[in-house]
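As stored in coords_36.txt (compact mmCIF, C-alpha atoms):
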```txt
# COMPACT_ATOMS: atom_id res chain seq x y z
CA GLU A 1 0.00 0.00 0.00
CA LEU A 2 2.95 2.35 0.58
CA GLY A 3 4.15 1.73 -2.95
CA VAL A 4 7.33 -0.29 -2.35
CA ARG A 5 8.06 -2.60 -5.30
CA ASP A 6 10.85 -4.98 -6.26
CA ASP A 7 12.19 -2.31 -8.61
CA SER A 8 12.05 0.55 -6.09
CA LEU A 9 15.84 0.15 -5.82
CA SER A 10 18.25 -0.96 -8.52
CA ASP A 11 20.68 -3.85 -8.06
CA ALA A 12 23.52 -1.33 -7.96
CA GLU A 13 21.83 0.65 -5.17
CA ARG A 14 21.32 -2.49 -3.10
CA ALA A 15 24.95 -3.47 -3.67
CA GLN A 16 26.13 -0.06 -2.45
CA LEU A 17 24.09 -0.39 0.74
CA ASP A 18 25.65 -3.81 1.35
CA ALA A 19 29.23 -2.81 0.59
CA GLU A 20 29.41 0.84 1.62
CA GLY A 21 26.58 1.06 4.16
CA TRP A 22 24.96 4.20 2.70
CA LEU A 23 23.00 5.42 -0.32
CA ALA A 24 22.03 8.88 -1.58
CA LEU A 25 18.60 9.19 -3.19
CA PRO A 26 18.54 12.58 -4.97
CA GLY A 27 15.47 14.41 -6.16
CA LEU A 28 12.91 12.83 -3.83
CA LEU A 29 11.44 16.19 -2.81
CA PRO A 30 10.64 19.19 -5.02
CA ARG A 31 12.16 22.50 -3.96
CA GLN A 32 8.77 23.94 -2.96
CA LEU A 33 8.17 21.08 -0.52
CA CYS A 34 11.71 21.37 0.84
CA ASP A 35 11.15 25.06 1.54
CA ALA A 36 7.79 24.38 3.24
CA MET A 37 9.25 21.60 5.41
CA ALA A 38 12.26 23.76 6.33
CA ALA A 39 10.02 26.65 7.36
CA GLU A 40 7.77 24.36 9.38
CA SER A 41 10.67 22.65 11.15
CA ARG A 42 12.16 26.04 12.04
CA ARG A 43 8.81 27.23 13.43
CA LEU A 44 8.44 24.08 15.51
CA TRP A 45 12.04 24.22 16.65
CA LEU A 46 11.50 27.73 17.99
CA GLU A 47 8.25 26.71 19.70
CA ALA A 48 9.11 23.35 21.18
CA GLY A 49 12.82 22.61 20.79
CA ARG A 50 14.73 21.11 23.70
CA PRO A 51 18.48 21.09 24.45
CA GLU A 52 20.37 17.92 23.54
CA GLY A 53 23.99 17.18 22.74
CA GLY A 54 25.09 20.80 22.64
CA GLY A 55 22.29 21.84 20.30
CA VAL A 56 18.51 22.05 20.27
CA VAL A 57 16.30 19.32 18.81
CA ILE A 58 12.64 18.99 17.96
CA THR A 59 11.21 15.48 18.15
CA GLU A 60 8.12 13.62 16.97
CA LEU A 61 7.58 15.83 13.93
CA GLN A 62 5.09 13.27 12.60
CA ASP A 63 2.74 14.43 15.39
CA ARG A 64 3.35 18.13 14.84
CA SER A 65 2.74 18.50 11.10
CA ARG A 66 1.65 16.26 8.24
CA ASP A 67 4.22 18.06 6.07
CA PHE A 68 6.70 15.42 7.23
CA ASP A 69 4.68 12.32 6.33
CA VAL A 70 6.86 11.72 3.28
CA CYS A 71 9.79 10.99 5.61
CA PHE A 72 8.23 7.73 6.79
CA SER A 73 6.30 6.83 3.65
CA HIS A 74 8.44 7.39 0.56
CA PRO A 75 8.71 4.06 -1.31
CA ARG A 76 12.37 4.48 -2.29
CA VAL A 77 13.42 5.19 1.28
CA LEU A 78 11.34 2.35 2.70
CA ALA A 79 12.85 -0.01 0.13
CA ALA A 80 16.35 1.03 1.21
CA VAL A 81 15.52 0.62 4.90
CA SER A 82 14.00 -2.80 4.23
CA HIS A 83 17.14 -3.89 2.41
CA VAL A 84 19.44 -2.77 5.24
CA LEU A 85 17.26 -4.66 7.74
CA SER A 86 17.21 -7.81 5.58
CA ALA A 87 13.50 -7.44 4.77
CA HIS A 88 12.51 -7.94 8.42
CA PRO A 89 9.41 -6.01 9.53
CA PHE A 90 10.44 -2.65 10.94
CA TYR A 91 8.95 0.40 12.62
CA SER A 92 9.56 4.13 12.64
CA ALA A 93 11.15 5.63 15.73
CA GLY A 94 9.87 9.05 14.74
CA ILE A 95 11.01 12.10 12.79
CA HIS A 96 13.37 14.57 14.41
CA ALA A 97 15.36 17.70 13.56
CA SER A 98 18.28 19.59 15.07
CA SER A 99 18.61 23.35 15.26
CA PRO A 100 19.24 24.72 11.75
CA ASN A 101 22.57 26.38 12.65
CA TRP A 102 24.00 23.26 14.32
CA PRO A 103 26.77 22.04 14.62
CA PRO A 104 29.02 24.85 15.90
CA PRO A 105 31.55 26.44 13.54
CA ASP A 106 34.66 25.40 15.49
CA ARG A 107 34.42 21.61 15.61
CA HIS A 108 33.05 18.50 13.95
CA GLN A 109 30.55 16.28 15.68
CA GLY A 110 32.32 13.14 16.83
CA LEU A 111 32.00 10.09 14.59
CA HIS A 112 29.58 7.62 16.13
CA TRP A 113 27.08 4.92 15.31
CA ASP A 114 23.43 4.73 16.34
CA GLY A 115 22.60 1.05 16.15
CA GLN A 116 23.18 -2.32 17.71
CA PHE A 117 23.68 -5.65 15.96
CA SER A 118 22.27 -9.02 16.89
CA ALA A 119 24.18 -12.07 18.06
CA PHE A 120 23.90 -13.39 14.50
CA GLY A 121 25.36 -10.25 12.92
CA ASN A 122 22.04 -8.93 11.59
CA PHE A 123 21.60 -5.18 11.30
CA LEU A 124 18.83 -3.80 13.47
CA CYS A 125 18.60 -0.05 12.80
CA CYS A 126 18.68 2.32 9.85
CA ASN A 127 18.80 6.09 9.55
CA SER A 128 17.50 8.42 6.85
CA PHE A 129 18.60 12.04 6.54
CA TRP A 130 16.47 14.43 4.49
CA LEU A 131 18.23 17.52 3.11
CA LEU A 132 15.82 20.45 2.99
CA SER A 133 18.49 22.98 2.00
CA ASP A 134 21.58 22.68 -0.19
CA PHE A 135 24.46 20.98 1.61
CA SER A 136 26.69 21.22 -1.45
CA ARG A 137 28.40 24.46 -0.36
CA GLU A 138 31.62 24.28 1.61
CA GLY A 139 31.34 24.68 5.37
CA VAL A 140 27.57 24.21 5.84
CA GLY A 141 27.90 21.27 8.22
CA ALA A 142 27.35 18.42 5.76
CA THR A 143 27.16 15.01 7.44
CA ARG A 144 30.33 12.98 7.10
CA LEU A 145 30.20 9.21 6.76
CA VAL A 146 32.96 6.61 6.84
CA PRO A 147 31.95 3.92 4.33
CA LYS A 148 32.20 0.23 5.24
CA THR A 149 32.37 0.88 8.99
CA HIS A 150 29.04 -0.91 9.38
CA LEU A 151 31.06 -4.09 8.92
CA LEU A 152 33.20 -3.39 12.01
CA ARG A 153 32.39 -4.81 15.43
CA GLN A 154 33.90 -1.94 17.39
CA ALA A 155 32.67 1.58 17.94
CA SER A 156 34.60 4.59 16.67
CA THR A 157 35.46 5.59 20.22
CA ALA A 158 37.29 2.28 20.66
CA LEU A 159 39.36 2.64 17.49
CA LEU A 160 39.95 6.39 17.08
CA ASP A 161 42.12 8.65 19.21
CA ASP A 162 39.89 11.61 18.35
CA ALA A 163 36.39 10.95 16.99
CA GLU A 164 35.97 14.65 16.14
CA ALA A 165 39.01 14.69 13.86
CA GLU A 166 38.65 14.23 10.10
CA HIS A 167 38.87 10.59 9.07
CA PRO A 168 40.99 9.76 5.99
CA ASP A 169 38.15 7.70 4.50
CA GLU A 170 35.23 9.98 5.34
CA LEU A 171 32.83 11.26 2.69
CA ARG A 172 30.80 14.44 2.99
CA MET A 173 27.10 14.19 2.16
CA ALA A 174 27.28 17.42 0.15
CA PHE A 175 24.08 17.00 -1.84
CA SER A 176 21.35 19.37 -2.98
CA ALA A 177 18.01 19.97 -1.30
CA GLY A 178 15.50 17.19 -1.90
CA THR A 179 18.03 14.40 -1.42
CA CYS A 180 17.57 11.69 1.20
CA VAL A 181 20.65 9.84 2.40
CA VAL A 182 19.96 6.42 3.91
CA TRP A 183 22.63 4.71 5.96
CA ASN A 184 23.00 1.61 8.06
CA ALA A 185 22.94 2.95 11.62
CA ARG A 186 26.21 1.09 12.27
CA VAL A 187 28.07 3.37 9.84
CA TRP A 188 30.27 5.89 11.62
CA HIS A 189 28.88 9.35 10.95
CA GLY A 190 28.71 12.87 12.35
CA ALA A 191 28.04 16.41 11.23
CA SER A 192 30.97 18.50 10.03
CA ALA A 193 31.69 21.97 11.41
CA ASN A 194 29.24 24.62 10.24
CA THR A 195 31.97 27.15 9.51
CA ALA A 196 29.68 29.12 7.20
CA ARG A 197 27.18 29.51 10.07
CA ALA A 198 24.53 28.66 7.50
CA ASP A 199 21.05 27.37 8.08
CA ARG A 200 21.33 23.58 7.86
CA ALA A 201 17.72 22.58 7.25
CA SER A 202 17.22 18.84 7.56
CA VAL A 203 15.18 16.18 9.31
CA GLN A 204 15.94 12.60 10.25
CA ALA A 205 13.74 9.52 10.35
CA PHE A 206 15.09 6.52 12.26
CA PHE A 207 13.89 2.94 11.76
CA SER A 208 14.38 -0.26 13.78
CA ARG A 209 13.47 -3.89 13.40
CA ARG A 210 10.15 -4.40 15.12
CA TRP A 211 11.33 -6.23 18.21
CA PHE A 212 14.21 -3.83 18.83
CA PRO A 213 13.91 -0.78 21.12
CA SER A 214 13.92 2.69 19.59
CA GLU A 215 17.02 4.78 18.95
CA ASP A 216 17.18 6.46 22.32
CA GLN A 217 17.35 3.06 24.03
CA SER A 218 20.01 1.69 21.62
CA ARG A 219 22.25 4.76 21.50
CA GLY A 220 25.44 4.77 23.50
CA HIS A 221 25.91 1.01 23.82
CA ASP A 222 29.38 -0.51 23.53
CA GLY A 223 28.39 -2.61 20.54
CA SER A 224 28.21 -5.97 22.31
CA PRO A 225 25.78 -8.45 20.70
CA LEU A 226 22.19 -8.16 21.78
CA GLU A 227 21.16 -11.62 23.01
CA ASP A 228 19.07 -11.25 26.15
CA ARG A 229 15.39 -11.58 25.28
CA GLN A 230 14.41 -10.33 28.73
CA ALA A 231 16.38 -7.15 28.08
CA ILE A 232 14.59 -6.74 24.76
CA ALA A 233 11.23 -7.14 26.48
CA ALA A 234 12.16 -4.66 29.20
CA ALA A 235 13.22 -2.09 26.63
CA ALA A 236 10.03 -2.64 24.66
CA ARG A 237 7.98 -2.18 27.82
CA ARG A 238 9.57 1.25 28.32
CA ARG A 239 8.83 2.25 24.75
CA GLU A 240 5.70 4.22 23.94
CA ASN A 241 3.97 4.45 20.61
CA ARG A 242 5.66 7.01 18.40
CA VAL A 243 2.43 8.56 17.18
CA SER A 244 -0.42 10.49 18.73
CA ALA A 245 -4.06 9.45 18.56
CA GLU A 246 -4.76 12.35 16.20
CA THR A 247 -1.99 11.29 13.82
CA TRP A 248 -3.06 7.66 14.09
CA GLY A 249 -6.52 8.64 12.89
CA ARG A 250 -5.25 10.04 9.59
CA LEU A 251 -2.76 7.25 8.78
CA SER A 252 -3.53 4.39 6.43
CA PRO A 253 -3.37 0.85 7.84
CA ALA A 254 -0.01 0.34 6.14
CA ALA A 255 1.41 3.54 7.65
CA ARG A 256 0.02 2.62 11.08
CA ALA A 257 2.06 -0.56 11.00
CA LEU A 258 5.20 1.61 11.00
CA PHE A 259 4.26 3.06 14.39
CA ASP A 260 2.62 0.11 16.15
CA PRO A 261 5.12 -2.76 16.26
CA PRO A 262 3.70 -6.02 17.62
CA LEU A 263 5.36 -6.09 21.01
CA GLU A 264 4.03 -9.57 21.60
CA GLN A 265 7.12 -10.63 19.65
CA ALA A 266 9.00 -9.59 22.77
CA GLY A 267 6.55 -11.37 25.06
CA LEU A 268 4.41 -8.29 25.63
CA PRO A 269 0.92 -7.22 24.61
CA SER A 270 0.66 -4.70 21.79
CA PRO A 271 -0.13 -1.14 22.90
CA ARG A 272 -3.58 0.28 22.29
CA LEU A 273 -4.37 3.87 21.47
```

Represent the structure contained in this file as structure tokens.
Amino acid sequence: ELGVRDDSLSDAERAQLDAEGWLALPGLLPRQLCDAMAAESRRLWLEAGRPEGGGVVITELQDRSRDFDVCFSHPRVLAAVSHVLSAHPFYSAGIHASSPNWPPPDRHQGLHWDGQFSAFGNFLCCNSFWLLSDFSREGVGATRLVPKTHLLRQASTALLDDAEAEHPDELRMAFSAGTCVVWNARVWHGASANTARADRASVQAFFSRRWFPSEDQSRGHDGSPLEDRQAIAAAARRRENRVSAETWGRLSPAARALFDPPLEQAGLPSPRL
């Protein structure tokens, strides 16, 4: 129902996700929609942003404006997420945005990963980064990725003397507005210094396999394999639905499935709205 087909991604795009851990999907949003989403995210950031990690973030954009529905429903992005997660059912952990002038001009964000891996080496989380303004200019804080690091079993902090320093293999996601960059959450990544002090309009949508806790419960782990089913169930019990009753009412059944994972897979009853 959400339009994902076998040909939503090419063989070459799937191969890049496997080998490199990331994929840029240009031209998914027209400029007019990018401008509208950027203006709406800025308005919401000013109204309801909260401090986090040295900046200000606005969370749960899917509940604040339907302008962001495309971030969890675009067929090309969902096809890429499904491929990263080996076609396992997955859910959306919400749509979020950082302050438009973040990161600071004097330093890079430290390279990090956002996801765990299972005891069998399966990937559990995937990130998508929507560029609402042009990141192609020098010094606008383009996200940097280190390809192939999703294949490592150690975090950047364990292998790098300085995670904020430039990595010899890093790539800058210097693409134009309307591009969505999808990456395996195990890929080392971080924003580069915003030396131009430019507005960096973007939003992120994070996805996890259905039985796995959301990003804020997986972030900051040491990367050890996730094996304890009781721990999974406990994390799922702490998790709340990532959608309000009002938003739920306007979503299609297929879109609802992205926000209502069957927690009985973790030995728990599914939530009810």

The distance between CA of Ala174 in chain A and CA of His108 in chain A is 15.0 Å

Starting from the point (15.4, 9.9, 11.6), work out which residues of protein, DNA or RNA have an atom no more than 12 Å away when counting all atoms listed in the file; state them as a PyMOL selection string. chain A and resi 57-62+68+71-72+77+81+91-98+114+125-131+180-185+202-208+214-216

All residues 9 Å or closer to range 149-151 of chain A, all atoms listed in the file, same chain fewer than 6 positions away omitted, as an NGL selection string: :A and (19-21 or 113 or 123 or 184-188)

So the first atom is CA of Leu111 in chain A and the second is CA of Arg153 in chain A; what is the distance between them in Å, to one decimal place? 14.9 Å

What's the 10 Å shell around range 133-141 of chain A, counting all atoms listed in the file, without same-chain residues fewer than 6 positions away, as a VMD selection string? chain A and resid 31 34 to 35 37 to 38 100 to 105 107 to 109 172 to 179 190 to 202

Have a look at CA of Pro75 in chain A and CA of Val4 in chain A and let me know their distance in Å, one decimal.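 CA of Val4 in chain A lies 4.7 Å from CA of Pro75 in chain A.
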
Using all atoms listed in the file, the shortest atom-to-atom distance to Asp11 in chain A among A:Arg64, A:Arg209, A:His83, A:Arg144 belongs to A:His83

Which of A:Arg66, A:Asp6, A:Ala80, A:Glu166 sits closest to Thr247 in chain A [using all atoms listed in the file]: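 Nearest to Thr247 in chain A: A:Arg66.
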
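Counting only C-alpha atoms, the residue from A:Leu171, A:Val146, A:Val84, A:Leu33 that sits nearest to Glu13 in chain A is A:Val84.
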
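Here the question is which of A:Glu164, A:Leu251, A:Gly3, A:Leu23 gets nearest to Leu78 in chain A using all atoms listed in the file, and that residue is A:Gly3.
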
Restricting the calculation to only C-alpha atoms, which member of A:Pro168, A:Gly27, A:Pro147, A:Pro253 is positioned closest to His74 in chain A?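 Nearest to His74 in chain A: A:Gly27.
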